[in-house]
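*Asks:* Below is model.csv; it holds CSV, C-alpha atoms.
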chain,number,residue,atom,x,y,z
A,1,MET,CA,74.5,23.0,51.2
A,2,PRO,CA,71.6,20.4,51.3
A,3,VAL,CA,68.3,21.3,49.7
A,4,ASP,CA,65.0,19.6,50.0
A,5,SER,CA,64.3,17.3,47.0
A,6,SER,CA,60.7,18.4,46.9
A,7,PHE,CA,61.8,21.8,45.8
A,8,PHE,CA,63.5,20.4,42.8
A,9,PHE,CA,60.4,18.4,41.8
A,10,SER,CA,58.7,21.6,40.8
A,11,SER,CA,61.8,23.4,39.6
A,12,PRO,CA,63.2,24.3,36.2
A,13,LEU,CA,66.1,22.5,34.5
A,14,TRP,CA,68.6,25.2,35.5
A,15,ILE,CA,67.9,24.5,39.2
A,16,ILE,CA,68.5,20.8,38.6
A,17,ALA,CA,71.8,21.7,37.0
A,18,GLU,CA,72.8,23.9,39.9
A,19,SER,CA,71.8,21.3,42.5
A,20,GLU,CA,74.0,18.7,40.8
A,21,ARG,CA,76.9,21.1,40.7
A,22,LEU,CA,76.5,21.5,44.5
A,23,GLY,CA,75.9,17.8,45.0
A,24,SER,CA,72.7,18.5,46.9
A,25,PHE,CA,70.0,16.0,45.8
A,26,ALA,CA,68.2,14.5,48.7
A,27,THR,CA,68.2,10.7,48.9
A,28,VAL,CA,64.8,10.2,50.3
A,29,GLY,CA,61.9,9.3,47.9
A,30,ILE,CA,61.7,10.2,44.3
A,31,SER,CA,63.9,13.2,43.6
A,32,GLY,CA,66.0,15.1,41.1
A,33,GLU,CA,65.5,14.4,37.4
A,34,TRP,CA,63.3,11.3,38.1
A,35,GLY,CA,60.9,13.6,40.0
A,36,LEU,CA,60.4,15.5,36.7
A,37,LEU,CA,60.8,12.6,34.3
A,38,LEU,CA,58.1,10.4,35.6
A,39,PRO,CA,55.3,13.0,35.5
A,40,LEU,CA,56.3,14.1,32.1
A,41,LEU,CA,56.7,10.7,30.5
A,42,VAL,CA,53.7,9.0,32.1
A,43,GLY,CA,51.4,12.1,31.7
A,44,TRP,CA,52.4,12.4,28.1
A,45,LEU,CA,51.8,8.7,27.4
A,46,LEU,CA,48.4,9.0,29.1
A,47,ASP,CA,47.5,11.9,26.8
A,48,LEU,CA,48.6,9.9,23.7
A,49,LEU,CA,46.4,7.0,24.8
A,50,PHE,CA,43.3,8.7,26.1
A,51,GLY,CA,43.3,12.4,25.2
A,52,ASP,CA,40.8,14.4,27.3
A,53,PRO,CA,38.1,12.1,28.6
A,54,GLN,CA,34.8,13.9,28.7
A,55,TRP,CA,33.9,12.4,32.0
A,56,LEU,CA,37.0,13.6,33.8
A,57,PRO,CA,36.9,17.1,35.5
A,58,HIS,CA,39.5,19.3,33.7
A,59,PRO,CA,41.3,22.3,35.3
A,60,VAL,CA,40.7,24.4,32.2
A,61,VAL,CA,36.9,24.2,33.0
A,62,TRP,CA,37.7,25.6,36.5
A,63,PHE,CA,40.0,28.2,35.0
A,64,GLY,CA,37.2,29.2,32.5
A,65,LYS,CA,34.6,29.6,35.3
A,66,ALA,CA,37.0,31.8,37.3
A,67,ILE,CA,37.8,34.0,34.2
A,68,ALA,CA,34.1,34.3,33.3
A,69,PHE,CA,33.2,35.3,36.8
A,70,CYS,CA,35.8,38.0,36.9
A,71,GLU,CA,34.9,39.2,33.5
A,72,ARG,CA,31.2,39.5,34.4
A,73,LYS,CA,32.0,41.4,37.6
A,74,LEU,CA,34.7,43.7,36.4
A,75,ASN,CA,34.4,44.2,32.6
A,76,HIS,CA,32.3,47.4,32.7
A,77,GLY,CA,32.7,51.0,33.7
A,78,SER,CA,36.1,52.7,33.7
A,79,HIS,CA,39.7,51.4,34.1
A,80,ARG,CA,38.9,48.2,32.2
A,81,LYS,CA,42.5,47.7,31.1
A,82,PHE,CA,43.7,48.0,34.7
A,83,LYS,CA,41.1,45.7,36.0
A,84,GLY,CA,41.8,43.2,33.3
A,85,ALA,CA,45.6,43.3,34.1
A,86,ILE,CA,45.0,42.7,37.8
A,87,VAL,CA,42.7,39.8,37.0
A,88,ALA,CA,45.2,38.2,34.6
A,89,VAL,CA,48.2,38.6,37.0
A,90,ILE,CA,46.3,37.4,40.1
A,91,LEU,CA,44.9,34.3,38.3
A,92,ILE,CA,48.2,33.3,36.7
A,93,ALA,CA,50.2,33.9,39.9
A,94,SER,CA,47.6,32.0,42.0
A,95,VAL,CA,47.8,28.9,39.9
A,96,PHE,CA,51.6,28.9,40.0
A,97,ILE,CA,51.8,29.5,43.8
A,98,VAL,CA,49.1,27.1,44.8
A,99,THR,CA,50.6,24.4,42.6
A,100,TRP,CA,54.1,25.0,43.8
A,101,PHE,CA,53.1,24.7,47.5
A,102,LEU,CA,51.0,21.6,46.7
A,103,MET,CA,54.0,20.0,45.0
A,104,TYR,CA,56.3,21.1,47.8
A,105,TYR,CA,54.4,19.8,50.7
A,106,LEU,CA,53.1,16.5,49.3
A,107,PRO,CA,55.0,13.3,50.0
A,108,PRO,CA,57.2,12.1,47.1
A,109,PHE,CA,54.7,9.7,45.5
A,110,GLY,CA,51.9,12.2,46.0
A,111,ARG,CA,54.0,14.7,44.1
A,112,VAL,CA,54.5,12.2,41.3
A,113,GLY,CA,50.8,11.4,41.1
A,114,VAL,CA,49.7,15.0,41.0
A,115,GLY,CA,52.5,15.8,38.5
A,116,ILE,CA,51.3,13.1,36.2
A,117,LEU,CA,47.7,14.4,36.3
A,118,ILE,CA,48.8,18.0,35.6
A,119,VAL,CA,51.0,17.0,32.7
A,120,PHE,CA,48.1,14.8,31.4
A,121,PHE,CA,45.7,17.7,31.6
A,122,CYS,CA,48.1,20.2,30.1
A,123,MET,CA,49.0,18.2,27.0
A,124,ALA,CA,46.5,18.5,24.1
A,125,GLY,CA,48.1,16.6,21.2
A,126,HIS,CA,45.9,13.6,21.1
A,127,THR,CA,42.6,15.5,21.3
A,128,LEU,CA,43.8,18.2,18.8
A,129,ARG,CA,44.7,15.6,16.2
A,130,LYS,CA,41.5,13.7,16.8
A,131,GLU,CA,39.4,16.8,16.3
A,132,VAL,CA,41.1,17.8,13.1
A,133,ARG,CA,40.7,14.3,11.7
A,134,MET,CA,37.0,14.4,12.5
A,135,VAL,CA,36.6,17.8,10.8
A,136,PHE,CA,37.9,16.4,7.5
A,137,GLU,CA,35.9,13.2,7.8
A,138,VAL,CA,32.7,15.0,8.5
A,139,VAL,CA,33.0,17.9,6.0
A,140,ASP,CA,33.5,15.4,3.2
A,141,LYS,CA,30.0,14.1,3.9
A,142,ASP,CA,28.0,17.2,5.2
A,143,LEU,CA,29.2,20.8,5.0
A,144,GLU,CA,26.9,22.0,7.8
A,145,ALA,CA,28.1,19.2,10.1
A,146,GLY,CA,31.7,20.1,9.2
A,147,ARG,CA,31.0,23.7,10.2
A,148,ARG,CA,29.7,22.6,13.5
A,149,GLN,CA,32.6,20.2,14.0
A,150,VAL,CA,35.3,22.9,13.3
A,151,ALA,CA,33.5,25.3,15.6
A,152,ARG,CA,34.7,23.1,18.4
A,153,ILE,CA,38.3,24.0,17.9
A,154,VAL,CA,38.3,27.5,16.3
A,155,GLY,CA,37.3,30.9,17.6
A,156,ARG,CA,36.1,32.4,14.3
A,157,ASP,CA,32.5,32.3,13.1
A,158,THR,CA,31.9,29.2,11.1
A,159,SER,CA,28.3,29.4,10.0
A,160,GLU,CA,29.2,30.7,6.5
A,161,LEU,CA,32.4,28.8,5.8
A,162,SER,CA,32.8,26.9,2.6
A,163,ALA,CA,34.2,23.3,2.7
A,164,GLN,CA,37.6,24.6,1.7
A,165,GLU,CA,37.5,27.2,4.5
A,166,VAL,CA,36.5,24.6,7.0
A,167,ARG,CA,39.5,22.4,6.1
A,168,THR,CA,41.8,25.5,6.1
A,169,ALA,CA,40.5,26.5,9.6
A,170,ALA,CA,41.2,23.0,10.9
A,171,LEU,CA,44.7,22.9,9.7
A,172,GLU,CA,45.4,26.5,10.8
A,173,THR,CA,44.3,25.6,14.3
A,174,LEU,CA,46.3,22.4,14.2
A,175,ALA,CA,49.5,24.4,13.5
A,176,GLU,CA,48.7,27.2,16.1
A,177,ASN,CA,47.7,24.7,18.8
A,178,LEU,CA,50.7,22.5,18.2
A,179,SER,CA,52.5,25.4,19.7
A,180,ASP,CA,49.9,26.6,22.2
A,181,GLY,CA,48.7,23.1,23.3
A,182,VAL,CA,51.9,21.0,23.0
A,183,VAL,CA,55.2,22.7,22.6
A,184,ALA,CA,54.5,25.7,24.9
A,185,PRO,CA,53.3,23.6,27.8
A,186,LEU,CA,56.5,21.5,27.4
A,187,PHE,CA,58.6,24.6,27.2
A,188,TRP,CA,57.3,26.0,30.4
A,189,PHE,CA,57.5,22.6,32.1
A,190,ALA,CA,61.2,22.6,31.2
A,191,LEU,CA,61.7,26.1,32.6
A,192,LEU,CA,59.4,26.1,35.7
A,193,GLY,CA,58.4,22.5,36.2
A,194,VAL,CA,54.8,21.4,36.9
A,195,PRO,CA,53.6,24.7,38.4
A,196,GLY,CA,54.9,26.6,35.3
A,197,MET,CA,53.2,24.2,33.0
A,198,LEU,CA,49.8,24.7,34.7
A,199,ALA,CA,50.3,28.4,35.1
A,200,TYR,CA,50.9,28.5,31.3
A,201,LYS,CA,47.5,26.8,30.9
A,202,MET,CA,45.9,29.6,32.7
A,203,VAL,CA,47.7,32.1,30.5
A,204,ASN,CA,46.4,30.3,27.4
A,205,THR,CA,42.9,30.0,28.7
A,206,LEU,CA,42.8,33.7,29.5
A,207,ASP,CA,43.8,34.6,26.0
A,208,SER,CA,41.3,32.2,24.4
A,209,MET,CA,38.4,33.7,26.4
A,210,ILE,CA,39.1,37.4,26.6
A,211,GLY,CA,42.1,38.1,24.5
A,212,TYR,CA,40.2,39.4,21.5
A,213,LYS,CA,40.1,42.9,19.9
A,214,THR,CA,36.4,43.1,19.9
A,215,GLU,CA,34.5,46.0,21.5
A,216,ARG,CA,33.8,43.8,24.6
A,217,TYR,CA,37.3,42.5,25.2
A,218,LYS,CA,39.7,44.9,23.6
A,219,ASP,CA,40.4,46.7,26.9
A,220,PHE,CA,39.7,44.2,29.6
A,221,GLY,CA,41.5,41.4,27.7
A,222,CYS,CA,44.5,43.3,26.3
A,223,TRP,CA,46.8,42.3,29.1
A,224,ALA,CA,45.8,38.7,28.9
A,225,ALA,CA,46.6,38.8,25.2
A,226,ARG,CA,50.0,40.5,25.8
A,227,ILE,CA,51.0,38.0,28.5
A,228,ASP,CA,50.0,35.2,26.1
A,229,ASP,CA,52.2,36.8,23.4
A,230,VAL,CA,55.2,36.8,25.7
A,231,ALA,CA,54.6,33.3,26.9
A,232,ASN,CA,54.4,31.9,23.4
A,233,TYR,CA,57.1,33.9,21.8
A,234,ILE,CA,59.8,31.3,22.0
A,235,PRO,CA,57.6,28.2,21.8
A,236,ALA,CA,55.9,29.4,18.5
A,237,ARG,CA,59.3,29.8,16.9
A,238,LEU,CA,60.6,26.5,18.3
A,239,THR,CA,57.4,24.8,16.9
A,240,ALA,CA,58.1,26.1,13.4
A,241,LEU,CA,61.7,25.1,13.6
A,242,LEU,CA,60.9,21.6,14.6
A,243,MET,CA,58.2,21.3,11.9
A,244,ILE,CA,60.6,22.4,9.2
A,245,LEU,CA,63.5,20.3,10.4
A,246,LEU,CA,61.5,17.1,10.7
A,247,HIS,CA,59.9,17.6,7.3
A,248,ALA,CA,63.3,18.5,5.7
A,249,LEU,CA,64.8,15.3,7.0
A,250,PHE,CA,62.6,13.4,4.4
A,251,THR,CA,62.3,16.1,1.7
A,252,PHE,CA,65.4,18.2,2.0
A,253,ARG,CA,63.2,21.3,1.6
A,254,PHE,CA,65.3,23.7,3.6
A,255,SER,CA,64.0,26.6,1.6
A,256,LEU,CA,61.0,26.4,4.0
A,257,PHE,CA,63.1,28.5,6.4
A,258,THR,CA,62.9,31.4,3.9
A,259,PHE,CA,59.2,30.9,3.5
A,260,VAL,CA,58.6,31.0,7.3
A,261,CYS,CA,60.9,34.1,7.7
A,262,LYS,CA,58.8,35.8,5.0
A,263,TYR,CA,55.3,35.0,6.1
A,264,GLY,CA,55.7,34.3,9.8
A,265,PRO,CA,55.9,38.0,10.8
A,266,CYS,CA,53.0,39.0,8.6
A,267,HIS,CA,50.4,37.3,10.7
A,268,ALA,CA,48.1,39.5,12.9
A,269,SER,CA,49.5,37.6,15.9
A,270,PRO,CA,53.2,37.9,16.7
A,271,ASN,CA,53.4,34.2,17.2
A,272,SER,CA,50.7,32.2,15.4
A,273,GLY,CA,52.2,33.1,12.0
A,274,TYR,CA,55.3,31.0,12.5
A,275,PRO,CA,53.8,27.5,13.0
A,276,GLU,CA,51.0,28.3,10.5
A,277,SER,CA,53.5,29.5,7.8
A,278,ALA,CA,55.6,26.3,8.5
A,279,LEU,CA,52.6,24.1,7.8
A,280,ALA,CA,51.5,26.2,4.8
A,281,GLY,CA,55.0,25.8,3.4
A,282,ILE,CA,55.1,22.1,4.0
A,283,LEU,CA,51.7,21.6,2.3
A,284,ASP,CA,52.4,24.3,-0.4
A,285,CYS,CA,49.0,25.9,0.3
A,286,GLN,CA,47.5,29.2,1.4
A,287,PHE,CA,46.3,30.1,4.9
A,288,GLY,CA,44.9,33.3,6.3
A,289,GLY,CA,42.5,35.8,4.8
A,290,PRO,CA,39.5,37.6,6.3
A,291,HIS,CA,37.5,35.9,9.1
A,292,TYR,CA,34.6,36.9,11.3
A,293,TYR,CA,35.0,36.8,15.1
A,294,PHE,CA,31.9,37.5,17.2
A,295,GLY,CA,30.3,39.1,14.2
A,296,GLN,CA,33.2,41.4,13.4
A,297,LEU,CA,35.3,41.1,10.3
A,298,PHE,CA,39.1,40.9,10.8
A,299,GLU,CA,41.4,41.1,7.8
A,300,LYS,CA,44.3,38.7,8.2
A,301,PRO,CA,47.1,38.6,5.7
A,302,TYR,CA,47.5,35.6,3.5
A,303,ILE,CA,50.2,33.0,4.2
A,304,GLY,CA,51.4,31.5,0.9
A,305,ILE,CA,50.3,32.1,-2.7
A,306,ASN,CA,48.9,28.7,-3.7
A,307,PRO,CA,45.1,28.7,-2.9
A,308,ARG,CA,44.7,25.0,-3.9
A,309,LEU,CA,42.1,22.7,-2.5
A,310,LEU,CA,43.1,20.9,0.7
A,311,THR,CA,42.6,17.1,0.8
A,312,THR,CA,42.6,14.3,3.2
A,313,ALA,CA,46.2,13.5,2.2
A,314,ASP,CA,47.1,17.0,3.5
A,315,MET,CA,45.4,16.3,6.8
A,316,ARG,CA,47.2,13.1,7.2
A,317,LEU,CA,50.6,14.7,6.5
A,318,SER,CA,49.8,17.5,8.9
A,319,LEU,CA,48.9,15.0,11.6
A,320,ARG,CA,52.1,13.1,11.1
A,321,ILE,CA,54.1,16.3,11.4
A,322,SER,CA,52.2,17.3,14.5
A,323,PHE,CA,52.9,13.9,16.2
A,324,LEU,CA,56.6,14.0,15.3
A,325,VAL,CA,57.0,17.5,16.6
A,326,GLU,CA,55.3,16.5,19.9
A,327,MET,CA,57.5,13.4,20.3
A,328,MET,CA,60.7,15.3,19.4
A,329,ALA,CA,59.9,18.0,22.0
A,330,VAL,CA,59.3,15.4,24.7
A,331,VAL,CA,62.5,13.5,23.8
A,332,ILE,CA,64.5,16.7,23.9
A,333,ILE,CA,63.3,17.5,27.5
A,334,LEU,CA,63.9,13.9,28.6
A,335,LEU,CA,67.4,13.9,27.2
A,336,ALA,CA,68.1,17.3,28.9
A,337,LEU,CA,67.0,15.9,32.2
A,338,PHE,CA,69.7,13.3,32.0
A,339,THR,CA,72.5,15.3,30.5
A,340,ILE,CA,72.3,18.7,32.3
Kindly transcribe the structure held in the file into structure tokens.
*Replies:*
Amino acid sequence: MPVDSSFFFSSPLWIIAESERLGSFATVGISGEWGLLLPLLVGWLLDLLFGDPQWLPHPVVWFGKAIAFCERKLNHGSHRKFKGAIVAVILIASVFIVTWFLMYYLPPFGRVGVGILIVFFCMAGHTLRKEVRMVFEVVDKDLEAGRRQVARIVGRDTSELSAQEVRTAALETLAENLSDGVVAPLFWFALLGVPGMLAYKMVNTLDSMIGYKTERYKDFGCWAARIDDVANYIPARLTALLMILLHALFTFRFSLFTFVCKYGPCHASPNSGYPESALAGILDCQFGGPHYYFGQLFEKPYIGINPRLLTTADMRLSLRISFLVEMMAVVIILLALFTI
């Protein structure tokens, strides 16, 4: 039963496997695993080289404008949970459906080009590591500048943070966003192709904008937060697993699995605690504690028991682990594309 190859370009790995079982790849243009491999490999390499250029229009900006518009129009009066749920579902579904149809109807090389751009936009490893490095460089010279720098990548209030808290916030967000900004997009690319990867980006943007338990967002954004929890459940644990395995290859510290099992579930988030506890265990430091968000105090449990000062060496080790996890995740998907 022949099937159009453009369908497989935006399809998950299990569909590729099924198509090979049926012997149904089309022979025209770029199809099958190459239709997925080229966007992934080239898009990832572009992110490694350039990150997110400030001059280039980014889909997340458009997502943010759509979310902000809906929030202004609907986040008032009664039935806020219902309205927030409808907004989240419609925005996520719209991104997936529009992208799927775009990839389906474009000619082969058009699909590859658009796929490369979407993968490039969805990957955040280069920019994340750059921002964390800059936080450490700046805070060593000027605490106030360090607070402003870390505010670019964290949601908590930073105006009263100490130098140690600035460094801690940077490394916590490195661990969390290694999952949210690297492993999770790759995970959804593997399952649902390019449309799934971009739809996940909308999920993550919704959570980062309205998924807070503050008075303003606790009702309207609760469904956005829950969807994000579900979307990141497996990627967060995969991230922690890869972090520990890659570190243990050089240190043989397999006891870190016990550390993550102990502290991972203690986090206020059902997912963030796993990559954060993995990094805290690797560095033998302490994360967590109380933080202010939008002027409200949130008590977060501590991860680890060693409240030592964090150093530039800790930052460099964390960045190496981040890069190795990202590279390993990409390699796993590439291998899967050729072996399934």
*Asks:* Compile a residue-level contact table for region 174-255 of chain A against region 83-105 of chain A at a cut-off of 9 Å, reporting for every qualifying residue the shortest atom pair and its distance in Å to one decimal, with all atoms listed in the file counted, rows ordered by chain and ascending number, as a tab-separated table.
*Replies:*
residue	atom	partner	partner_atom	distance
A:Val194	CA	A:Thr99	CA	7.7
A:Pro195	CA	A:Phe96	CA	4.9
A:Gly196	CA	A:Phe96	CA	6.2
A:Met197	CA	A:Phe96	CA	8.6
A:Leu198	CA	A:Val95	CA	7.0
A:Ala199	CA	A:Phe96	CA	5.1
A:Tyr200	CA	A:Ile92	CA	7.7
A:Lys201	CA	A:Ile92	CA	8.7
A:Met202	CA	A:Ile92	CA	5.9
A:Val203	CA	A:Ile92	CA	6.3
A:Leu206	CA	A:Ala88	CA	7.2
A:Asp219	CA	A:Gly84	CA	7.4
A:Phe220	CA	A:Gly84	CA	4.4
A:Gly221	CA	A:Gly84	CA	5.9
A:Cys222	CA	A:Gly84	CA	7.5
A:Trp223	CA	A:Ala85	CA	5.2
A:Ala224	CA	A:Ala88	CA	5.8
A:Ile227	CA	A:Ala88	CA	8.4
*Asks:* Do you have, as a Markdown table, the list of residues of region 218-258 of chain A lying at most 7 Å from region 167-187 of chain A, each with its nearest atom pair and that distance in Å to one decimal, counting all atoms listed in the file and ordered by chain then number?
*Replies:*
| residue | atom | partner | partner_atom | distance |
| --- | --- | --- | --- | --- |
| A:Asn232 | CA | A:Ala184 | CA | 6.4 |
| A:Pro235 | CA | A:Ala184 | CA | 5.0 |
| A:Ala236 | CA | A:Ser179 | CA | 5.4 |
| A:Thr239 | CA | A:Ser179 | CA | 5.7 |
*Asks:* Given all atoms listed in the file as the basis, pick out the residue of A:Leu49, A:Val166, A:Leu334, A:Ile282 nearest to Val135 (chain A).
*Replies:*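 Closest residue, counting all atoms listed in the file: A:Val166.
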*Asks:* Would you list the residues near (54.5, 23.2, 6.0) (no more than 9 Å away, in the coordinates of the file, using only C-alpha atoms) as a PyMOL selection string?
*Replies:* chain A and resi 240+243-244+247+256+260+275-285+318+321
*Asks:* Output C-alpha atoms of each residue in that selection to a file, as a short mmCIF file (atom, residue, chain, number, x, y, z; two decimals), in the coordinates of the input.
*Replies:*
data_model
loop_
_atom_site.label_atom_id
_atom_site.label_comp_id
_atom_site.auth_asym_id
_atom_site.auth_seq_id
_atom_site.Cartn_x
_atom_site.Cartn_y
_atom_site.Cartn_z
CA ALA A 240 58.10 26.10 13.40
CA MET A 243 58.20 21.30 11.90
CA ILE A 244 60.60 22.40 9.20
CA HIS A 247 59.90 17.60 7.30
CA LEU A 256 61.00 26.40 4.00
CA VAL A 260 58.60 31.00 7.30
CA PRO A 275 53.80 27.50 13.00
CA GLU A 276 51.00 28.30 10.50
CA SER A 277 53.50 29.50 7.80
CA ALA A 278 55.60 26.30 8.50
CA LEU A 279 52.60 24.10 7.80
CA ALA A 280 51.50 26.20 4.80
CA GLY A 281 55.00 25.80 3.40
CA ILE A 282 55.10 22.10 4.00
CA LEU A 283 51.70 21.60 2.30
CA ASP A 284 52.40 24.30 -0.40
CA CYS A 285 49.00 25.90 0.30
CA SER A 318 49.80 17.50 8.90
CA ILE A 321 54.10 16.30 11.40
#
*Asks:* Between CA of Met328 (chain A) and CA of Leu249 (chain A), what distance in Å does the model show, to one decimal?
*Replies:* 13.1 Å
*Asks:* Report, in Å with one decimal, the straight-line distance from CA of Gly113 (chain A) to CA of Gly51 (chain A).
*Replies:*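 Separating CA of Gly113 (chain A) from CA of Gly51 (chain A) is a distance of 17.6 Å.
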*Asks:* Fewer than 4 positions away in the same chain doesn't count, so skip those; otherwise give me all residues within 12 Å of Glu137 (chain A), counting all atoms listed in the file, as a ChimeraX atom specification.
*Replies:* /A:130-133,141-143,145-147,149-150,163,166-167,170,311-313,315-316
*Asks:* Which value, in Å to one decimal, gives the distance between CA of Phe82 (chain A) and CA of Val230 (chain A)?
*Replies:*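 It comes out at 18.4 Å.
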*Asks:* Of the candidates A:Ser78, A:Gly273, A:His267, A:Val112, which shows the shortest atom-to-atom distance to Phe298 (chain A), using only C-alpha atoms?
*Replies:*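 Answer, going by the shortest atom-to-atom distance: A:His267.
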*Asks:* Is it possible to get the residues within 9 Å of (42.8, 26.9, -5.2) (coordinates as in the file, counting all atoms listed in the file) written as a list in words?
*Replies:*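 Every polymer residue passing the test: Gln164, Cys285, Gln286, Asn306, Pro307, Arg308, Leu309 and Leu310 of chain A.
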*Asks:* Pick from A:Val325, A:Leu238, A:Ile118, A:Val60: nearest to Leu46 (chain A), with all atoms listed in the file counted?
*Replies:*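 Of A:Val325, A:Leu238, A:Ile118, A:Val60, the one nearest Leu46 (chain A) is A:Ile118, counting all atoms listed in the file.
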*Asks:* Can you work out which one of A:Leu38, A:Ile67, A:Val119, A:Ile303 has the shortest atom-to-atom distance to Trp188 (chain A), counting only C-alpha atoms?
*Replies:* A:Val119
*Asks:* Looking at all atoms listed in the file, which of A:Met327, A:Leu317, A:Arg226, A:Phe109 is the one that sits closest to Lys81 (chain A)?
*Replies:* A:Arg226
